[in-house]
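Data block for run06.cif (mmCIF, C-alpha atoms):
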data_final
loop_
_atom_site.label_atom_id
_atom_site.label_comp_id
_atom_site.auth_asym_id
_atom_site.auth_seq_id
_atom_site.Cartn_x
_atom_site.Cartn_y
_atom_site.Cartn_z
CA MET A 1 19.51 28.07 -14.17
CA THR A 2 18.45 24.42 -13.92
CA GLU A 3 14.85 23.87 -14.98
CA ARG A 4 12.57 22.21 -12.47
CA PRO A 5 11.08 18.83 -13.41
CA LEU A 6 7.48 18.64 -14.61
CA PRO A 7 4.79 17.48 -12.15
CA PRO A 8 5.11 13.67 -11.94
CA PHE A 9 1.35 13.03 -11.79
CA ASP A 10 -1.70 13.89 -13.87
CA THR A 11 -2.50 17.43 -12.74
CA ALA A 12 -5.66 17.51 -14.89
CA ARG A 13 -6.96 14.41 -13.10
CA LEU A 14 -6.23 15.94 -9.71
CA ASP A 15 -7.95 19.18 -10.76
CA ARG A 16 -11.06 17.22 -11.78
CA LEU A 17 -11.11 15.28 -8.53
CA MET A 18 -10.80 18.50 -6.53
CA GLN A 19 -13.55 20.14 -8.60
CA ASP A 20 -15.84 17.14 -8.02
CA ALA A 21 -15.17 17.43 -4.28
CA GLY A 22 -15.79 21.19 -4.34
CA VAL A 23 -12.37 22.17 -2.93
CA ASP A 24 -10.08 25.01 -3.95
CA VAL A 25 -6.84 23.94 -2.26
CA LEU A 26 -5.44 20.60 -1.15
CA ILE A 27 -2.80 20.10 1.54
CA ALA A 28 -1.14 16.68 1.54
CA SER A 29 0.63 15.60 4.72
CA SER A 30 0.98 11.79 4.73
CA LYS A 31 4.34 10.32 3.83
CA HIS A 32 2.89 8.15 1.07
CA ASN A 33 1.00 10.97 -0.65
CA ILE A 34 3.92 13.37 -0.31
CA GLN A 35 6.07 10.66 -1.91
CA TYR A 36 3.61 10.26 -4.78
CA LEU A 37 3.02 13.95 -5.43
CA LEU A 38 6.74 14.68 -5.43
CA GLY A 39 7.60 11.89 -7.87
CA ASN A 40 8.60 9.01 -5.57
CA TYR A 41 10.47 11.29 -3.18
CA SER A 42 10.99 10.65 0.51
CA PHE A 43 13.28 12.61 2.80
CA PHE A 44 16.03 10.28 3.98
CA MET A 45 16.28 11.79 7.47
CA PHE A 46 12.77 10.72 8.51
CA GLU A 47 12.28 7.47 6.62
CA ALA A 48 12.38 5.45 9.85
CA MET A 49 10.70 7.74 12.41
CA ASP A 50 8.87 11.07 12.48
CA ALA A 51 9.56 12.24 16.03
CA ILE A 52 12.09 15.02 16.66
CA GLY A 53 12.46 17.19 19.76
CA LEU A 54 9.01 18.01 21.16
CA SER A 55 7.23 17.57 17.84
CA ARG A 56 7.40 15.61 14.60
CA TYR A 57 8.36 15.88 10.96
CA LEU A 58 5.37 17.18 9.01
CA PRO A 59 5.89 17.75 5.27
CA LEU A 60 3.06 19.69 3.62
CA LEU A 61 2.46 19.95 -0.11
CA VAL A 62 -0.01 22.74 -0.90
CA TYR A 63 -1.77 22.46 -4.27
CA PRO A 64 -4.33 25.04 -5.51
CA ALA A 65 -6.82 23.52 -7.98
CA GLY A 66 -5.91 24.34 -11.56
CA ARG A 67 -2.78 26.24 -10.55
CA PRO A 68 0.21 23.90 -10.25
CA ASP A 69 2.31 27.02 -10.84
CA LEU A 70 1.22 28.21 -7.38
CA ALA A 71 1.91 24.92 -5.61
CA PHE A 72 4.56 24.88 -2.88
CA TYR A 73 6.17 22.43 -0.52
CA VAL A 74 6.73 23.10 3.19
CA ALA A 75 9.78 21.06 4.13
CA ASN A 76 12.08 20.40 7.03
CA ALA A 77 15.00 22.82 7.16
CA ASN A 78 17.43 20.04 6.23
CA GLU A 79 15.53 19.37 3.01
CA ARG A 80 17.35 22.36 1.56
CA PHE A 81 20.03 19.78 0.73
CA GLU A 82 17.49 17.93 -1.41
CA GLU A 83 16.42 21.21 -3.01
CA GLU A 84 20.02 21.90 -4.00
CA LEU A 85 19.88 18.60 -5.93
CA ASN A 86 16.81 19.79 -7.88
CA ARG A 87 14.59 17.05 -6.45
CA PHE A 88 11.34 19.02 -6.53
CA TRP A 89 8.98 20.07 -9.32
CA VAL A 90 7.10 22.63 -7.20
CA PRO A 91 7.89 26.29 -7.96
CA GLU A 92 8.77 27.01 -4.32
CA VAL A 93 10.20 24.91 -1.52
CA VAL A 94 9.89 26.43 1.96
CA ALA A 95 12.57 24.42 3.78
CA LYS A 96 12.19 26.06 7.19
CA SER A 97 10.03 23.86 9.42
CA ARG A 98 11.23 21.97 12.50
CA GLY A 99 7.89 20.64 13.75
CA SER A 100 4.18 20.34 13.05
CA VAL A 101 2.89 23.75 14.17
CA ASP A 102 5.52 25.84 12.42
CA ALA A 103 4.96 23.76 9.28
CA MET A 104 1.29 24.69 9.25
CA HIS A 105 2.10 28.35 9.97
CA LEU A 106 4.38 28.31 6.92
CA ALA A 107 1.63 26.72 4.81
CA LEU A 108 -0.86 29.41 5.87
CA GLY A 109 1.72 32.08 5.18
CA GLY A 110 2.29 30.68 1.70
CA LEU A 111 -1.43 30.78 0.94
CA ALA A 112 -1.63 34.39 2.10
CA GLU A 113 1.37 35.41 -0.01
CA ARG A 114 -0.39 34.01 -3.06
CA GLY A 115 -3.64 35.76 -2.23
CA LEU A 116 -5.43 32.44 -1.74
CA THR A 117 -8.29 32.30 0.76
CA PRO A 118 -9.92 28.97 -0.03
CA GLY A 119 -13.65 28.54 0.49
CA ALA A 120 -13.06 24.80 0.85
CA LEU A 121 -9.82 23.07 1.74
CA ALA A 122 -8.95 19.36 1.54
CA VAL A 123 -6.62 17.94 4.20
CA GLU A 124 -5.68 14.39 5.14
CA THR A 125 -7.61 14.27 8.41
CA GLY A 126 -6.18 10.90 9.44
CA PHE A 127 -2.63 12.14 8.85
CA LEU A 128 -2.65 15.62 10.37
CA PRO A 129 -1.57 16.11 14.02
CA ALA A 130 -4.03 17.79 16.38
CA ASP A 131 -1.78 20.82 16.98
CA ALA A 132 -1.39 21.43 13.23
CA TRP A 133 -5.15 21.03 12.77
CA ALA A 134 -5.82 23.59 15.52
CA CYS A 135 -3.38 25.99 13.87
CA LEU A 136 -5.16 25.54 10.54
CA ARG A 137 -8.62 26.17 11.99
CA THR A 138 -7.39 29.28 13.80
CA GLY A 139 -5.77 30.63 10.65
CA LEU A 140 -8.71 29.87 8.33
CA PRO A 141 -11.78 29.92 10.57
CA ALA A 142 -14.27 30.48 7.75
CA THR A 143 -12.88 27.81 5.42
CA GLN A 144 -14.75 24.54 5.03
CA THR A 145 -12.51 21.48 5.38
CA VAL A 146 -13.02 18.08 3.78
CA ASP A 147 -10.97 14.90 3.82
CA ALA A 148 -8.36 14.67 1.05
CA VAL A 149 -7.67 10.96 1.51
CA THR A 150 -10.22 9.73 -1.03
CA ILE A 151 -9.22 12.43 -3.54
CA LEU A 152 -5.59 11.34 -3.39
CA GLU A 153 -6.53 7.65 -3.44
CA GLU A 154 -8.40 8.20 -6.69
CA LEU A 155 -5.39 10.04 -8.09
CA ARG A 156 -3.09 7.11 -7.24
CA ALA A 157 -5.51 4.34 -8.28
CA VAL A 158 -4.17 3.96 -11.82
CA LYS A 159 -0.47 3.18 -11.61
CA GLN A 160 2.10 4.60 -13.99
CA PRO A 161 4.50 2.18 -15.73
CA TRP A 162 7.34 2.92 -13.32
CA GLU A 163 5.01 2.20 -10.39
CA LEU A 164 4.04 -1.13 -11.91
CA ASP A 165 7.72 -1.99 -12.27
CA LEU A 166 8.28 -1.33 -8.57
CA LEU A 167 5.23 -3.38 -7.57
CA ARG A 168 6.43 -6.26 -9.74
CA ALA A 169 9.92 -6.08 -8.20
CA ALA A 170 8.49 -5.98 -4.66
CA SER A 171 6.17 -8.93 -5.29
CA GLU A 172 8.85 -11.06 -6.91
CA GLY A 173 11.27 -10.20 -4.11
CA VAL A 174 8.82 -11.18 -1.37
CA VAL A 175 7.96 -14.53 -2.97
CA ASP A 176 11.60 -15.32 -3.71
CA ALA A 177 12.46 -14.57 -0.08
CA MET A 178 9.63 -16.83 1.08
CA GLN A 179 10.95 -19.71 -1.01
CA ALA A 180 14.41 -19.23 0.47
CA THR A 181 12.89 -19.16 3.96
CA PHE A 182 10.88 -22.37 3.52
CA GLU A 183 14.05 -24.10 2.32
CA GLN A 184 15.83 -23.23 5.58
CA LEU A 185 13.11 -24.21 8.07
CA ARG A 186 13.58 -27.27 10.28
CA PRO A 187 11.67 -28.87 13.16
CA GLY A 188 12.74 -27.35 16.48
CA MET A 189 12.92 -23.81 15.13
CA THR A 190 10.34 -21.27 16.31
CA LYS A 191 7.98 -18.92 14.49
CA ASN A 192 10.31 -16.11 15.59
CA ASP A 193 13.17 -17.91 13.83
CA ALA A 194 11.15 -18.21 10.62
CA VAL A 195 10.26 -14.52 10.60
CA ALA A 196 13.88 -13.56 11.28
CA ILE A 197 15.00 -15.64 8.28
CA LEU A 198 12.33 -14.09 6.05
CA ARG A 199 13.28 -10.61 7.15
CA ARG A 200 16.93 -11.28 6.36
CA GLU A 201 16.05 -12.74 2.95
CA GLU A 202 13.83 -9.80 1.99
CA ILE A 203 16.47 -7.26 2.99
CA ALA A 204 19.10 -9.23 1.03
CA ARG A 205 16.91 -8.77 -2.05
CA GLY A 206 16.78 -5.01 -1.62
CA LEU A 207 13.35 -4.83 -0.01
CA THR A 208 12.41 -2.68 2.94
CA TRP A 209 10.94 -5.04 5.55
CA GLU A 210 7.46 -4.28 6.83
CA TYR A 211 5.80 -7.29 8.48
CA CYS A 212 5.03 -11.00 8.45
CA LEU A 213 1.86 -12.71 9.61
CA ILE A 214 2.75 -16.35 10.29
CA THR A 215 0.85 -19.47 11.34
CA ALA A 216 2.19 -22.91 12.18
CA GLY A 217 0.52 -26.27 12.68
CA GLN A 218 -3.18 -26.26 13.54
CA SER A 219 -2.96 -22.89 15.28
CA LEU A 220 -4.77 -19.94 13.71
CA ASN A 221 -2.67 -17.42 15.64
CA ARG A 222 -0.76 -15.25 13.14
CA ALA A 223 1.71 -13.48 15.44
CA PRO A 224 5.45 -14.30 15.54
CA SER A 225 6.11 -16.18 18.77
CA THR A 226 8.19 -18.84 20.50
CA GLN A 227 5.90 -21.60 19.20
CA VAL A 228 8.14 -24.49 18.19
CA LEU A 229 7.80 -25.91 14.67
CA GLU A 230 7.00 -29.62 14.58
CA ALA A 231 7.84 -32.07 11.81
CA GLN A 232 4.21 -32.39 10.67
CA ASP A 233 3.44 -28.65 10.75
CA ILE A 234 2.19 -26.55 7.88
CA LEU A 235 3.14 -22.86 7.78
CA SER A 236 1.76 -19.75 6.14
CA LEU A 237 3.94 -16.71 5.46
CA ASP A 238 1.94 -13.55 4.66
CA SER A 239 4.45 -10.76 4.31
CA GLY A 240 4.76 -7.18 3.17
CA GLY A 241 8.06 -5.82 1.90
CA ASN A 242 8.42 -2.73 -0.25
CA VAL A 243 10.66 -1.40 -3.00
CA GLN A 244 10.90 2.41 -2.83
CA GLY A 245 7.63 2.42 -0.88
CA TYR A 246 5.66 0.15 -3.25
CA LEU A 247 4.38 -2.89 -1.42
CA GLY A 248 4.70 -6.56 -2.19
CA ASP A 249 1.89 -8.19 -0.18
CA LEU A 250 1.60 -11.94 -0.80
CA CYS A 251 1.04 -15.21 1.03
CA ARG A 252 2.54 -18.64 0.37
CA MET A 253 2.31 -22.00 2.11
CA GLY A 254 4.92 -24.48 3.28
CA THR A 255 5.16 -27.69 5.22
CA LEU A 256 8.04 -29.32 7.08
CA SER A 257 7.19 -32.78 5.71
CA ALA A 258 5.45 -34.17 2.65
CA PRO A 259 1.86 -32.87 2.51
CA SER A 260 -1.01 -35.31 2.88
CA ALA A 261 -3.56 -35.84 0.12
CA GLU A 262 -6.04 -33.84 2.18
CA LEU A 263 -3.63 -30.90 2.39
CA GLU A 264 -3.01 -31.09 -1.36
CA ASP A 265 -6.75 -31.01 -1.99
CA ALA A 266 -7.26 -28.09 0.41
CA LEU A 267 -4.62 -25.93 -1.26
CA ALA A 268 -5.97 -26.94 -4.68
CA ALA A 269 -9.41 -25.67 -3.65
CA ILE A 270 -7.90 -22.31 -2.75
CA GLU A 271 -5.92 -22.24 -5.99
CA ALA A 272 -9.12 -22.88 -7.96
CA VAL A 273 -10.71 -19.78 -6.44
CA GLN A 274 -7.61 -17.67 -7.04
CA GLN A 275 -7.43 -18.66 -10.71
CA ALA A 276 -11.18 -18.32 -11.32
CA ALA A 277 -11.07 -14.76 -9.99
CA ARG A 278 -8.44 -13.81 -12.58
CA VAL A 279 -10.16 -15.18 -15.67
CA PRO A 280 -12.59 -12.29 -16.32
CA LEU A 281 -10.28 -9.49 -15.13
CA ARG A 282 -9.49 -6.82 -17.71
CA ALA A 283 -9.98 -3.11 -18.17
CA GLY A 284 -13.64 -2.16 -18.48
CA VAL A 285 -15.21 -4.90 -16.36
CA ALA A 286 -16.97 -3.89 -13.15
CA GLY A 287 -15.12 -4.10 -9.86
CA ARG A 288 -17.56 -6.77 -8.66
CA THR A 289 -16.46 -9.13 -11.47
CA PRO A 290 -13.98 -11.31 -9.52
CA PHE A 291 -16.54 -11.83 -6.76
CA ASP A 292 -19.17 -12.95 -9.28
CA ALA A 293 -16.61 -15.28 -10.88
CA VAL A 294 -15.96 -17.22 -7.67
CA ALA A 295 -19.44 -17.13 -6.11
CA ASP A 296 -20.23 -20.77 -6.92
CA LEU A 297 -16.89 -21.98 -5.60
CA LEU A 298 -17.33 -20.06 -2.35
CA ALA A 299 -20.85 -21.47 -1.86
CA ARG A 300 -19.64 -25.07 -1.56
CA PRO A 301 -19.98 -26.48 1.99
CA ARG A 302 -16.67 -26.80 3.84
CA GLU A 303 -15.33 -27.28 7.34
CA GLY A 304 -14.31 -24.10 9.11
CA SER A 305 -14.21 -20.60 7.63
CA PHE A 306 -13.53 -20.01 3.91
CA SER A 307 -13.15 -16.39 2.78
CA PHE A 308 -12.29 -14.38 -0.32
CA VAL A 309 -10.99 -10.79 -0.36
CA VAL A 310 -9.90 -8.43 -3.15
CA HIS A 311 -8.37 -5.03 -2.40
CA GLY A 312 -6.22 -2.43 -4.10
CA VAL A 313 -2.53 -2.25 -3.30
CA GLY A 314 0.25 0.22 -4.07
CA LEU A 315 2.00 2.60 -1.71
CA ILE A 316 -0.21 1.23 1.03
CA THR A 317 -2.14 -2.00 1.46
CA HIS A 318 -5.89 -1.65 1.06
CA GLU A 319 -6.05 1.38 -1.21
CA ALA A 320 -8.17 2.19 -4.27
CA PRO A 321 -9.77 0.52 -6.05
CA ARG A 322 -11.92 -0.33 -3.04
CA LEU A 323 -14.20 -3.19 -4.02
CA MET A 324 -15.80 -4.53 -0.85
CA ASP A 325 -17.46 -2.98 2.18
CA ASP A 326 -17.70 -6.26 4.12
CA GLY A 327 -14.02 -7.16 4.22
CA PRO A 328 -11.53 -7.23 7.10
CA ILE A 329 -10.72 -3.50 6.79
CA PRO A 330 -13.79 -1.24 7.16
CA TYR A 331 -14.38 1.18 4.28
CA PRO A 332 -17.01 1.80 1.59
CA ALA A 333 -16.79 0.16 -1.83
CA PRO A 334 -17.23 2.94 -4.41
CA HIS A 335 -15.40 0.99 -7.15
CA ARG A 336 -17.49 -2.19 -6.95
CA ASP A 337 -19.86 -1.06 -9.69
CA ARG A 338 -17.38 1.09 -11.60
CA PRO A 339 -15.19 -0.24 -14.43
CA LEU A 340 -11.66 -1.31 -13.59
CA GLU A 341 -8.95 0.61 -15.44
CA ALA A 342 -5.69 -0.57 -16.94
CA GLY A 343 -2.96 0.12 -14.39
CA MET A 344 -5.06 -0.64 -11.32
CA VAL A 345 -3.41 -3.25 -9.06
CA LEU A 346 -5.33 -5.77 -6.98
CA SER A 347 -4.44 -8.11 -4.15
CA VAL A 348 -6.51 -11.30 -4.44
CA GLU A 349 -6.60 -13.57 -1.42
CA THR A 350 -8.41 -16.76 -0.42
CA THR A 351 -8.17 -18.06 3.14
CA TRP A 352 -9.31 -21.33 4.68
CA GLN A 353 -9.23 -21.45 8.47
CA HIS A 354 -9.60 -25.19 8.82
CA PRO A 355 -10.41 -26.62 12.27
CA ARG A 356 -8.20 -29.69 11.74
CA LEU A 357 -5.64 -28.73 9.12
CA GLY A 358 -4.88 -25.17 10.24
CA PHE A 359 -4.56 -21.88 8.37
CA ILE A 360 -4.23 -22.20 4.58
CA LYS A 361 -4.03 -19.16 2.30
CA LEU A 362 -2.82 -17.82 -1.03
CA GLU A 363 -2.54 -14.09 -1.71
CA ASP A 364 -1.56 -12.79 -5.14
CA THR A 365 -0.92 -9.42 -6.79
CA VAL A 366 -2.38 -8.77 -10.24
CA ALA A 367 -2.28 -5.66 -12.42
CA ILE A 368 -5.22 -4.89 -14.71
CA THR A 369 -4.37 -4.60 -18.41
CA GLU A 370 -6.46 -3.79 -21.49
CA THR A 371 -6.77 -7.48 -22.36
CA GLY A 372 -6.56 -9.27 -19.01
CA CYS A 373 -4.32 -9.12 -15.96
CA ALA A 374 -0.64 -9.60 -15.20
CA ALA A 375 0.34 -11.52 -12.06
CA TYR A 376 3.42 -10.42 -10.15
CA GLY A 377 5.53 -12.85 -8.10
CA ASP A 378 3.38 -15.71 -9.38
CA THR A 379 5.55 -18.64 -8.24
CA ALA A 380 5.80 -20.99 -5.23
CA ARG A 381 2.05 -21.57 -5.30
CA GLY A 382 2.11 -25.15 -4.00
CA TRP A 383 3.38 -26.67 -0.77
CA ASN A 384 6.94 -25.39 -0.32
CA LEU A 385 9.27 -27.85 1.45
CA PRO A 386 12.56 -27.48 3.33
CA GLY A 387 15.63 -27.80 1.14
#

For the structure just supplied, provide its representation as structure tokens.
Amino acid sequence: MTERPLPPFDTARLDRLMQDAGVDVLIASSKHNIQYLLGNYSFFMFEAMDAIGLSRYLPLLVYPAGRPDLAFYVANANERFEEELNRFWVPEVVAKSRGSVDAMHLALGGLAERGLTPGALAVETGFLPADAWACLRTGLPATQTVDAVTILEELRAVKQPWELDLLRAASEGVVDAMQATFEQLRPGMTKNDAVAILRREEIARGLTWEYCLITAGQSLNRAPSTQVLEAQDILSLDSGGNVQGYLGDLCRMGTLSAPSAELEDALAAIEAVQQAARVPLRAGVAGRTPFDAVADLLARPREGSFSFVVHGVGLITHEAPRLMDDGPIPYPAPHRDRPLEAGMVLSVETTWQHPRLGFIKLEDTVAITETGCAAYGDTARGWNLPG
């Protein structure tokens, strides 16, 4: 008999996080956390869309605190093919579900078979359909429920070496694709044309395309559109593309003609902030450190709006460590006063929305190490020109 793989994550860390949250059982249901808990696994049949019939694909990984030997995975019936390939570490795979309600019924049945009646249960409230939630509450009316999202974020916050490799590959692929795109741009093309080229270049490099925020000229509008590119325009490409789910999220600048001295100075001011933020980064410093490092630079008077953001990145954009509670995405900042750990990955971004020059931004990805930080995809930082 083929032995099952070992759990691909730190079960002791998850047990501690669950104990701190006061929960006995955790049920993961989001695609990204299922992928993480199952060792970078995603079911090929639903990679593009969840809907099927009158319901949706709903994978559920049930993990009792301190008992990985009792964990089980509720899967779509067709995932039996994956089970035959020994893809799962969990002791039991229940590959019988066809929708969201029957998946939850199978999860409740699995708990009952194991004699588990949790006093407190953690579920991903933002990633659990209403009908599955109603089924859960009916089946366990006396059980307290808490949100599992922050527990699982903390588990994923420190990346393993293979995760760092994927983040590096995604970042380098995105920036390389951006350089290739800038080389092909010409006056008379549209923003839609630019995004189509970038999409093609990312896919050619093995990335899964996600999005591109794009500006052109003096406009601050970041949506792809039929706006025509003019010879004097500057452009920003802020794109996300992933490798096996791990996101490359970076921004680079280009111009269709030689940049003016004022444009060179503006991008240099942004670069100064980006580099200053990196200098003190290393394992052990507080999460607020990059903000303290750039405070004087940000305080200088400038035209328009000048902003600085740092957020965690991994399987999703804006994940732990969460360092700011006044950024563009609303969430608390529990890691601001806690030490950064080696293996945490940060997106560092400085944006200048200039009333005359337009939208100017650099966004970088850096991984915390014991002695500093490692930047991924750290090229094409100046004004990129057409070939």

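Picked out by the PyMOL selection byres ((chain A and resi 372) around 8) when it runs on this file: Val279, Pro280, Leu281, Arg282, Ala283, Ile368, Thr369, Glu370, Thr371, Cys373 and Ala374 of chain A.
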
Translate the PyMOL selection byres ((chain A and resi 291-303) around 6) into a concrete residue list for this structure, as a compact mmCIF listing (two decimals) with C-alpha atoms, in the coordinates of the input.
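result_10.txt, written as the output of this step:
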# COMPACT_ATOMS: atom_id res chain seq x y z
CA VAL A 273 -10.71 -19.78 -6.44
CA ALA A 277 -11.07 -14.76 -9.99
CA ARG A 288 -17.56 -6.77 -8.66
CA THR A 289 -16.46 -9.13 -11.47
CA PRO A 290 -13.98 -11.31 -9.52
CA GLY A 304 -14.31 -24.10 9.11

Between A:Leu167, A:Leu116, A:Leu340, A:Ala130, single out the one closest to A:Leu26, counting only C-alpha atoms.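 Looking only at the distances to A:Leu26, the closest residue turns out to be A:Leu116.
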
Return as a compact mmCIF listing (two decimals) with C-alpha atoms, in the coordinates of the input the set of residues that the PyMOL selection byres ((chain A and resi 220) around 8) yields on the displayed structure.
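Wrote it out as result_6.txt, contents follow:
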# COMPACT_ATOMS: atom_id res chain seq x y z
CA THR A 215 0.85 -19.47 11.34
CA ALA A 216 2.19 -22.91 12.18
CA GLN A 218 -3.18 -26.26 13.54
CA SER A 219 -2.96 -22.89 15.28
CA ASN A 221 -2.67 -17.42 15.64
CA ARG A 222 -0.76 -15.25 13.14
CA GLN A 353 -9.23 -21.45 8.47
CA GLY A 358 -4.88 -25.17 10.24
CA PHE A 359 -4.56 -21.88 8.37

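In this structure, atom CA of A:Gly312 sits 5.8 Å away from atom CA of A:Val345.
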
Can you tell me, as a ChimeraX atom specification, what residues are no more than 7 Å from A:Glu124 when counting all atoms listed in the file, ignoring any on the same chain fewer than 6 positions away? /A:28-29,147-149

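The point (8.2, -1.5, 3.7) has these residues within 9 Å of it, counting only C-alpha atoms: A:Leu207, A:Thr208, A:Trp209, A:Glu210, A:Tyr211, A:Gly240, A:Gly241, A:Asn242, A:Val243, A:Gln244, A:Gly245, A:Tyr246, A:Leu247, A:Gly248.
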
Under the rule that all atoms listed in the file are counted, which of A:Asn384, A:Thr143, A:Thr138, A:Ser171 is the nearest residue to A:Ser236? A:Asn384

Out of A:Leu38, A:Ala231, A:Ala157, A:Ala120, which residue has the shortest atom-to-atom distance to A:Val23 when counting only C-alpha atoms?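 So, comparing all the options, the nearest one is A:Ala120.
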